[in-house]
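For reference, coords.txt is printed below; it contains compact mmCIF, C-alpha atoms.
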```txt
# COMPACT_ATOMS: atom_id res chain seq x y z
CA MET A 1 95.82 117.55 120.43
CA VAL A 2 97.46 114.47 118.93
CA VAL A 3 97.96 111.50 121.27
CA ARG A 4 100.47 109.17 119.64
CA ILE A 5 100.65 105.54 120.82
CA GLY A 6 103.62 103.42 119.72
CA THR A 7 102.78 99.81 118.90
CA ASN A 8 104.57 97.44 116.52
CA GLU A 9 104.11 96.12 112.99
CA THR A 10 100.68 95.64 111.43
CA ALA A 11 98.79 92.73 113.05
CA GLY A 12 101.45 92.37 115.77
CA THR A 13 100.43 91.96 119.40
CA PHE A 14 101.03 95.59 120.35
CA ASN A 15 99.40 96.84 117.18
CA VAL A 16 96.08 95.07 117.67
CA GLN A 17 96.05 95.98 121.35
CA GLY A 18 96.79 99.59 120.48
CA ARG A 19 93.96 99.79 117.98
CA ALA A 20 91.51 98.32 120.48
CA LEU A 21 92.73 100.82 123.08
CA ALA A 22 92.33 103.69 120.60
CA ASP A 23 88.67 102.76 120.10
CA VAL A 24 88.07 102.74 123.86
CA LEU A 25 89.84 106.05 124.37
CA GLY A 26 87.84 107.62 121.55
CA ALA A 27 84.61 106.42 123.16
CA GLU A 28 85.79 108.05 126.40
CA GLY A 29 86.18 111.39 124.63
CA ILE A 30 89.95 111.35 124.24
CA ASP A 31 90.41 112.67 120.72
CA GLY A 32 93.37 112.78 118.36
CA ILE A 33 94.55 109.21 118.93
CA GLU A 34 97.19 108.18 116.40
CA ILE A 35 98.48 104.61 116.26
CA VAL A 36 102.15 104.57 115.34
CA GLU A 37 103.57 101.37 113.87
CA THR A 38 107.19 100.59 114.74
CA ILE A 39 109.50 97.79 113.65
CA SER A 40 111.59 97.08 116.74
CA ALA A 41 108.58 97.57 119.02
CA SER A 42 109.64 97.96 122.67
CA VAL A 43 113.06 99.45 121.95
CA GLU A 44 111.85 101.88 119.31
CA ASN A 45 108.83 102.90 121.36
CA ALA A 46 111.05 103.77 124.33
CA LYS A 47 113.42 105.76 122.13
CA ARG A 48 110.52 107.66 120.56
CA LEU A 49 109.12 108.45 124.00
CA GLY A 50 112.51 109.85 124.91
CA ALA A 51 112.57 111.92 121.72
CA GLY A 52 109.08 113.28 122.38
CA THR A 53 107.53 111.77 119.25
CA LEU A 54 105.16 109.53 121.24
CA GLU A 55 102.97 110.17 124.26
CA PHE A 56 102.43 106.47 125.06
CA GLY A 57 103.97 103.21 123.96
CA PHE A 58 103.60 99.48 124.41
CA MET A 59 106.65 97.66 125.77
CA ALA A 60 107.59 94.22 127.02
CA ALA A 61 108.53 94.43 130.69
CA ASN A 62 112.04 93.10 130.09
CA TRP A 63 112.96 96.35 128.29
CA THR A 64 111.52 98.93 130.68
CA GLY A 65 114.27 98.87 133.31
CA ARG A 66 116.97 98.96 130.65
CA ALA A 67 115.41 101.99 129.02
CA LEU A 68 115.12 103.78 132.35
CA ARG A 69 118.76 103.10 133.21
CA GLY A 70 120.08 103.72 129.70
CA GLU A 71 121.56 100.25 129.30
CA PRO A 72 122.28 98.85 125.80
CA PRO A 73 120.75 99.09 123.28
CA PHE A 74 119.75 102.47 124.72
CA HIS A 75 122.39 105.19 124.55
CA GLY A 76 121.25 107.06 127.64
CA PRO A 77 118.57 106.99 130.34
CA ILE A 78 114.98 107.52 129.18
CA ALA A 79 112.60 108.86 131.80
CA ILE A 80 109.78 106.43 131.02
CA ARG A 81 106.96 105.98 133.50
CA MET A 82 104.53 103.12 133.95
CA VAL A 83 100.89 103.59 133.01
CA SER A 84 99.19 100.20 132.95
CA PRO A 85 99.69 96.49 132.39
CA ALA A 86 98.38 95.22 129.06
CA ASN A 87 98.62 91.44 129.21
CA VAL A 88 100.73 88.43 130.09
CA GLY A 89 100.95 85.99 127.23
CA PRO A 90 102.91 82.95 126.06
CA MET A 91 105.75 83.21 123.56
CA PHE A 92 106.56 80.03 121.67
CA PHE A 93 108.38 78.31 118.82
CA VAL A 94 106.10 77.05 116.04
CA VAL A 95 107.09 74.54 113.36
CA ARG A 96 105.40 72.71 110.52
CA GLN A 97 103.72 69.48 111.59
CA ASP A 98 105.91 67.48 109.21
CA SER A 99 109.18 68.93 110.55
CA GLY A 100 109.91 66.10 112.96
CA MET A 101 110.73 68.68 115.64
CA ALA A 102 109.07 68.42 119.06
CA ARG A 103 111.34 69.89 121.77
CA PHE A 104 113.40 73.00 122.38
CA ASP A 105 116.66 71.13 121.84
CA ASP A 106 115.55 70.34 118.27
CA LEU A 107 116.25 73.99 117.40
CA ARG A 108 119.96 73.35 117.04
CA GLY A 109 121.12 73.81 113.49
CA LYS A 110 117.71 74.96 112.26
CA ARG A 111 116.68 78.11 110.40
CA VAL A 112 114.73 80.17 112.95
CA ALA A 113 112.79 83.37 112.21
CA ILE A 114 113.49 85.35 115.38
CA GLY A 115 111.86 88.69 114.56
CA PRO A 116 113.30 91.97 113.26
CA GLU A 117 116.92 92.71 114.14
CA GLY A 118 117.20 94.46 117.50
CA SER A 119 113.57 93.80 118.37
CA GLY A 120 112.15 92.73 121.69
CA MET A 121 111.47 89.27 120.30
CA GLU A 122 115.16 88.84 119.42
CA GLN A 123 116.09 89.90 122.94
CA HIS A 124 113.86 87.17 124.35
CA ILE A 125 115.79 84.66 122.23
CA HIS A 126 119.05 85.87 123.79
CA SER A 127 117.57 85.64 127.30
CA ILE A 128 116.15 82.14 126.92
CA PHE A 129 119.07 80.73 124.97
CA GLY A 130 121.53 82.19 127.48
CA VAL A 131 119.90 80.35 130.36
CA LEU A 132 119.71 77.06 128.46
CA GLY A 133 123.28 77.10 127.21
CA MET A 134 122.65 78.08 123.60
CA GLY A 135 123.48 81.04 121.40
CA LEU A 136 122.64 82.34 117.97
CA ALA A 137 125.62 80.39 116.65
CA ASP A 138 123.70 77.20 117.45
CA ILE A 139 120.92 78.09 115.00
CA GLU A 140 120.64 79.88 111.68
CA PRO A 141 118.88 83.09 112.77
CA VAL A 142 116.61 84.79 110.26
CA HIS A 143 115.54 88.37 110.96
CA ALA A 144 112.01 88.89 109.69
CA THR A 145 108.76 90.57 110.64
CA PHE A 146 106.01 88.33 112.04
CA ALA A 147 104.19 88.31 108.71
CA ASP A 148 107.34 87.55 106.71
CA GLY A 149 108.46 84.92 109.20
CA ALA A 150 105.12 83.14 108.99
CA GLU A 151 105.22 83.29 105.20
CA ALA A 152 108.71 81.77 105.25
CA LEU A 153 107.62 78.96 107.57
CA ALA A 154 104.63 78.16 105.37
CA ALA A 155 106.91 78.15 102.31
CA GLY A 156 109.54 76.00 104.01
CA THR A 157 112.34 78.56 103.71
CA VAL A 158 112.68 78.61 107.52
CA ASP A 159 112.19 75.68 109.89
CA VAL A 160 110.88 77.53 112.93
CA GLN A 161 109.20 80.81 113.81
CA TRP A 162 109.46 82.50 117.21
CA GLN A 163 105.93 83.71 117.84
CA CYS A 164 104.41 86.33 120.12
CA PRO A 165 101.37 85.92 122.37
CA VAL A 166 98.15 84.78 120.78
CA PRO A 167 95.60 85.42 119.54
CA ASN A 168 97.27 87.30 116.74
CA ARG A 169 96.16 87.41 113.13
CA VAL A 170 99.49 86.27 111.71
CA MET A 171 99.56 83.08 113.79
CA THR A 172 95.89 82.33 113.14
CA ASP A 173 96.36 82.72 109.39
CA LEU A 174 99.50 80.57 109.46
CA ALA A 175 97.75 77.75 111.32
CA ASN A 176 94.85 77.87 108.88
CA ARG A 177 97.22 77.64 105.90
CA CYS A 178 99.38 74.72 107.01
CA ASP A 179 99.59 72.09 109.72
CA VAL A 180 101.72 73.27 112.63
CA ARG A 181 102.88 72.22 116.06
CA VAL A 182 104.42 74.09 118.99
CA LEU A 183 107.72 73.02 120.51
CA GLU A 184 107.72 72.08 124.18
CA TYR A 185 110.55 72.50 126.66
CA GLY A 186 112.49 69.49 127.87
CA PRO A 187 112.49 68.32 131.50
CA GLY A 188 113.44 71.18 133.82
CA GLN A 189 114.20 73.65 131.02
CA LEU A 190 111.21 75.93 131.48
CA GLU A 191 111.66 75.92 135.25
CA LYS A 192 115.31 76.91 134.78
CA VAL A 193 114.36 79.85 132.58
CA LEU A 194 111.64 81.05 134.96
CA ALA A 195 114.00 80.86 137.94
CA ALA A 196 116.75 82.78 136.16
CA VAL A 197 114.78 85.59 134.50
CA PRO A 198 112.70 87.74 136.88
CA PHE A 199 110.48 89.32 134.23
CA TYR A 200 109.23 85.94 132.96
CA GLY A 201 106.39 83.86 134.29
CA ARG A 202 104.75 80.59 133.35
CA ALA A 203 102.03 81.08 130.72
CA ILE A 204 99.65 78.46 129.35
CA LEU A 205 99.19 78.16 125.60
CA PHE A 206 95.71 76.70 125.44
CA SER A 207 94.80 74.00 122.96
CA ASP A 208 92.07 76.13 121.39
CA ALA A 209 94.41 79.07 120.66
CA PHE A 210 94.73 78.08 117.00
CA ARG A 211 94.36 75.08 114.73
CA GLY A 212 96.86 72.28 115.23
CA LEU A 213 97.36 72.37 119.00
CA GLU A 214 96.64 69.01 120.57
CA ARG A 215 96.94 69.98 124.24
CA ASN A 216 97.71 72.84 126.60
CA THR A 217 101.42 73.57 126.93
CA SER A 218 103.44 75.62 129.39
CA GLN A 219 105.50 78.35 127.76
CA VAL A 220 107.51 81.42 128.73
CA GLY A 221 105.27 84.41 129.40
CA VAL A 222 106.23 88.06 129.64
CA ARG A 223 104.19 91.00 130.87
CA ASN A 224 103.48 93.66 128.28
CA VAL A 225 102.79 97.17 129.54
CA VAL A 226 101.74 100.64 128.46
CA VAL A 227 104.28 103.32 129.36
CA THR A 228 104.69 107.05 128.93
CA HIS A 229 107.34 109.70 129.62
CA GLU A 230 107.64 111.78 132.76
CA ARG A 231 107.04 114.95 130.71
CA VAL A 232 103.60 113.84 129.49
CA ASN A 233 100.73 115.80 131.04
CA ALA A 234 99.41 114.16 134.22
CA GLU A 235 95.79 114.86 133.32
CA LEU A 236 96.14 113.06 129.99
CA VAL A 237 97.91 110.09 131.59
CA GLY A 238 95.20 109.95 134.23
CA ARG A 239 92.42 109.93 131.64
CA VAL A 240 94.08 107.12 129.67
CA THR A 241 94.69 105.08 132.82
CA ALA A 242 91.14 105.60 134.07
CA ALA A 243 89.75 104.58 130.68
CA MET A 244 91.73 101.34 130.73
CA VAL A 245 90.60 100.47 134.26
CA ALA A 246 86.95 101.30 133.60
CA ASN A 247 86.92 99.45 130.30
CA ALA A 248 89.03 96.41 131.17
CA GLY A 249 86.06 94.16 130.44
CA THR A 250 85.28 95.89 127.16
CA LEU A 251 88.90 95.64 126.03
CA ALA A 252 88.93 91.91 126.81
CA ALA A 253 85.69 91.41 124.92
CA VAL A 254 86.86 93.14 121.74
CA GLU A 255 90.48 91.95 121.83
CA PRO A 256 91.23 88.62 123.56
CA LEU A 257 94.82 89.68 124.21
CA TYR A 258 93.39 91.83 127.01
CA ARG A 259 91.79 88.86 128.78
CA GLY A 260 92.74 89.00 132.43
CA LEU A 261 93.50 92.74 132.37
CA ALA A 262 91.15 93.43 135.28
CA ASP A 263 92.99 90.80 137.35
CA LEU A 264 96.32 92.50 136.68
CA TYR A 265 95.08 95.60 138.52
CA GLU A 266 94.00 93.76 141.67
CA PRO A 267 97.48 93.49 143.30
CA LEU A 268 97.47 97.29 143.60
CA ARG A 269 95.05 96.85 146.50
CA THR A 270 97.50 94.83 148.58
CA GLU A 271 100.94 95.68 147.20
CA GLY A 272 100.47 99.35 146.35
CA THR A 273 102.39 100.91 143.47
CA MET A 274 105.04 98.19 143.65
CA ALA A 275 102.51 95.81 142.09
CA LEU A 276 103.03 97.55 138.75
CA GLU A 277 106.43 99.14 139.20
CA GLY A 278 108.30 95.94 139.89
CA GLY A 279 111.01 97.89 141.67
CA ALA A 280 112.15 99.52 138.43
CA VAL A 281 109.99 101.97 136.48
CA PRO A 282 107.83 104.21 138.69
CA LEU A 283 104.19 104.89 137.96
CA HIS A 284 103.45 108.24 136.37
CA PRO A 285 101.75 110.60 138.89
CA GLY A 286 98.73 110.81 136.58
CA ALA A 287 98.37 107.02 136.69
CA ILE A 288 98.69 106.97 140.47
CA ALA A 289 95.88 109.53 140.77
CA ALA A 290 93.67 107.47 138.44
CA TYR A 291 94.25 104.27 140.41
CA ARG A 292 93.39 106.10 143.64
CA ASP A 293 90.22 107.50 142.12
CA ALA A 294 89.27 103.96 141.02
CA GLY A 295 89.72 102.67 144.58
CA LEU A 296 92.69 100.46 143.69
CA LEU A 297 95.21 102.48 145.74
CA CYS A 298 94.80 103.93 149.20
```
Take the structure I supplied and represent it as structure tokens, if you would.
Amino acid sequence: MVVRIGTNETAGTFNVQGRALADVLGAEGIDGIEIVETISASVENAKRLGAGTLEFGFMAANWTGRALRGEPPFHGPIAIRMVSPANVGPMFFVVRQDSGMARFDDLRGKRVAIGPEGSGMEQHIHSIFGVLGMGLADIEPVHATFADGAEALAAGTVDVQWQCPVPNRVMTDLANRCDVRVLEYGPGQLEKVLAAVPFYGRAILFSDAFRGLERNTSQVGVRNVVVTHERVNAELVGRVTAAMVANAGTLAAVEPLYRGLADLYEPLRTEGTMALEGGAVPLHPGAIAAYRDAGLLC
């Protein structure tokens, strides 16, 4: 049996998490794992789940409710189901140290690599800009993969790159190649975004995340999750969920993006399934059974 897991581009956040998960699942006796690389990440993974060409997929939480309801860019409801949280990490704007840029407002008029067209990262730009009174017309948007965007920033053909949670290989390599800094939000801006967008939370970008950071900074954080489709076999979903719970520590040790995974399961004890469903996408029955067997649900 082939178990296909949708991630994103090579070395992207979902991709490295997916490969670490594949190793854990293989060690747990779940064979036939195939890591599928996608360009538009969350959106494409949801569509492929709907088409039956994936069994599991990584998504950013801001897309899950839209996919379930069939809101744009989805052309109809997709019966996705929640499996497990993956991580909560900071997203941030990175610039060259010599750019003279320091704050969010410095983005105006600049060339910004915002990710592939239609991707989850581009959607985050729309969400954040919308709250802070900006639009794509206020910048020169450049659609590029993470690797191409980093290459462009290093070469000086873009001024800014919109980066996904770290650690990721692309950001580490970029920081080792050239001097960089991360833009901070102006007074009250981050708080305004967090108050307006329910799927965001405050995330700390720590000073040791990569070379060039001088201090910890507060950034926008979004929860990334593993989802499936309602048609996927409950036993398989249960085995994957159980493997993630049992190996949360192992996953964090081999891939730092999973740090804190065990803590993300704890609210199940007090909040029940709502801790992971967020009032939108229900847990798959196989996942519910696995959480009960692990003692996380009554």
When you look at Leu136 in chain A with a cut-off of 12 Å (counting all atoms listed in the file), what residues show up, excluding the ones that are within fewer than 2 positions of it in the same chain? I need them as a PDB file with C-alpha atoms, in the coordinates of the input.
```pdb
ATOM      1  CA  LEU A 107     116.250  73.990 117.400  1.00  0.00           C
ATOM      2  CA  ARG A 108     119.960  73.350 117.040  1.00  0.00           C
ATOM      3  CA  GLY A 109     121.120  73.810 113.490  1.00  0.00           C
ATOM      4  CA  LYS A 110     117.710  74.960 112.260  1.00  0.00           C
ATOM      5  CA  ARG A 111     116.680  78.110 110.400  1.00  0.00           C
ATOM      6  CA  VAL A 112     114.730  80.170 112.950  1.00  0.00           C
ATOM      7  CA  ALA A 113     112.790  83.370 112.210  1.00  0.00           C
ATOM      8  CA  ILE A 114     113.490  85.350 115.380  1.00  0.00           C
ATOM      9  CA  GLU A 122     115.160  88.840 119.420  1.00  0.00           C
ATOM     10  CA  GLN A 123     116.090  89.900 122.940  1.00  0.00           C
ATOM     11  CA  HIS A 124     113.860  87.170 124.350  1.00  0.00           C
ATOM     12  CA  ILE A 125     115.790  84.660 122.230  1.00  0.00           C
ATOM     13  CA  HIS A 126     119.050  85.870 123.790  1.00  0.00           C
ATOM     14  CA  SER A 127     117.570  85.640 127.300  1.00  0.00           C
ATOM     15  CA  ILE A 128     116.150  82.140 126.920  1.00  0.00           C
ATOM     16  CA  PHE A 129     119.070  80.730 124.970  1.00  0.00           C
ATOM     17  CA  GLY A 130     121.530  82.190 127.480  1.00  0.00           C
ATOM     18  CA  GLY A 133     123.280  77.100 127.210  1.00  0.00           C
ATOM     19  CA  MET A 134     122.650  78.080 123.600  1.00  0.00           C
ATOM     20  CA  ASP A 138     123.700  77.200 117.450  1.00  0.00           C
ATOM     21  CA  ILE A 139     120.920  78.090 115.000  1.00  0.00           C
ATOM     22  CA  GLU A 140     120.640  79.880 111.680  1.00  0.00           C
ATOM     23  CA  PRO A 141     118.880  83.090 112.770  1.00  0.00           C
ATOM     24  CA  VAL A 142     116.610  84.790 110.260  1.00  0.00           C
ATOM     25  CA  HIS A 143     115.540  88.370 110.960  1.00  0.00           C
TER      26      HIS A 143
END
```
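You will find CA of Val225 in chain A at 10.3 Å from CA of Trp63 in chain A.
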Next on the checklist: I'd like the interatomic distance between CA of Ile204 in chain A and CA of Thr217 in chain A, to a tenth of an Å.
Outcome noted: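 It comes out at 5.7 Å.
Restricting the calculation to all atoms listed in the file, the smallest distance between Leu21 in chain A and any of A:Ala144, A:Leu257, A:Leu251, A:Leu268 is found for A:Leu251.
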Next on the checklist: Quick check, in Å to one decimal: how far apart do CA of Ser42 in chain A and CA of Asp159 in chain A lie?
Outcome noted: 25.8 Å
Item to check | Selection near Arg231 in chain A, 10 Å with all atoms listed in the file, sequence-local residues under 4 positions removed, as a ChimeraX atom specification | outcome: /A:49-50,52,55,79-81,284
What does the file look like for those residues with C-alpha atoms, as a PDB file, in the coordinates of the input?
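again.pdb, freshly written:
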```
ATOM      1  CA  LEU A  49     109.120 108.450 124.000  1.00  0.00           C
ATOM      2  CA  GLY A  50     112.510 109.850 124.910  1.00  0.00           C
ATOM      3  CA  GLY A  52     109.080 113.280 122.380  1.00  0.00           C
ATOM      4  CA  GLU A  55     102.970 110.170 124.260  1.00  0.00           C
ATOM      5  CA  ALA A  79     112.600 108.860 131.800  1.00  0.00           C
ATOM      6  CA  ILE A  80     109.780 106.430 131.020  1.00  0.00           C
ATOM      7  CA  ARG A  81     106.960 105.980 133.500  1.00  0.00           C
ATOM      8  CA  HIS A 284     103.450 108.240 136.370  1.00  0.00           C
TER       9      HIS A 284
END
```
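Counting only C-alpha atoms and comparing A:Asp173, A:Glu230, A:Asp98, A:Asp23, the residue that lies closest to Leu54 in chain A is A:Glu230.
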Hey, which bits of range 22-113 of chain A sit within 8 Å of range 185-203 of chain A, and for each residue what's the closest pair of atoms and how far apart in Å (one decimal), counting only C-alpha atoms, rows by chain and increasing number, as a tab-separated table?
```
residue	atom	partner	partner_atom	distance
A:Ala61	CA	A:Phe199	CA	6.5
A:Asn62	CA	A:Phe199	CA	5.8
A:Val88	CA	A:Ala203	CA	7.5
A:Gly89	CA	A:Ala203	CA	6.1
A:Pro90	CA	A:Ala203	CA	5.1
A:Arg103	CA	A:Tyr185	CA	5.6
A:Phe104	CA	A:Tyr185	CA	5.2
A:Asp105	CA	A:Gly186	CA	7.5
```
Who sits within 6 Å of Gly286 in chain A, all atoms listed in the file, same chain under 5 positions skipped, as a PDB file with C-alpha atoms, in the coordinates of the input:
```pdb
ATOM      1  CA  ALA A 234      99.410 114.160 134.220  1.00  0.00           C
ATOM      2  CA  GLU A 235      95.790 114.860 133.320  1.00  0.00           C
ATOM      3  CA  VAL A 237      97.910 110.090 131.590  1.00  0.00           C
ATOM      4  CA  GLY A 238      95.200 109.950 134.230  1.00  0.00           C
TER       5      GLY A 238
END
```
Checklist entry - Which is closest to Gly29 in chain A among A:Val2, A:Val158, A:Ala252, A:Ala243, if we use all atoms listed in the file? => result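 Going through A:Val2, A:Val158, A:Ala252, A:Ala243 one by one, the smallest distance to Gly29 in chain A is for A:Ala243.
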Checklist entry - So which residues touch Leu264 in chain A within 10 Å, counting only C-alpha atoms, skipping near sequence neighbours fewer than 3 positions away, as a list of chain:residue names? => result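 Once the nearby chain positions are removed, what remains is A:Ser84, A:Pro85, A:Ala86, A:Asn87, A:Val88, A:Arg223, A:Ala248, A:Arg259, A:Gly260, A:Leu261, A:Pro267, A:Leu268, A:Ala275, A:Leu276.
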Next on the checklist: Would you pick out the contacts of Val245 in chain A at 8 Å or less, using only C-alpha atoms, so that residues sharing its chain but fewer than 5 positions from it are not included, and give the list as number ranges by chain?
Outcome noted: A: 262, 265, 294
Item to check | Residue among A:Leu236, A:Gly65, A:Gly76, A:Asp293 lying closest to Gly32 in chain A, counting all atoms listed in the file | outcome: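 Residue with the minimum atom-to-atom distance to Gly32 in chain A: A:Leu236.
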Item to check | Best match for closeness to Met171 in chain A among A:Pro116, A:Gly156, A:Gly70, A:Gly149, counting only C-alpha atoms | outcome: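 Closest candidate: A:Gly149.
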Checklist entry - Looking at A:Val95, A:Ala22, A:Ala46, A:Ala51, which one is nearest to Phe74 in chain A, with distances taken over all atoms listed in the file? => result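 Closest residue, counting all atoms listed in the file: A:Ala46.
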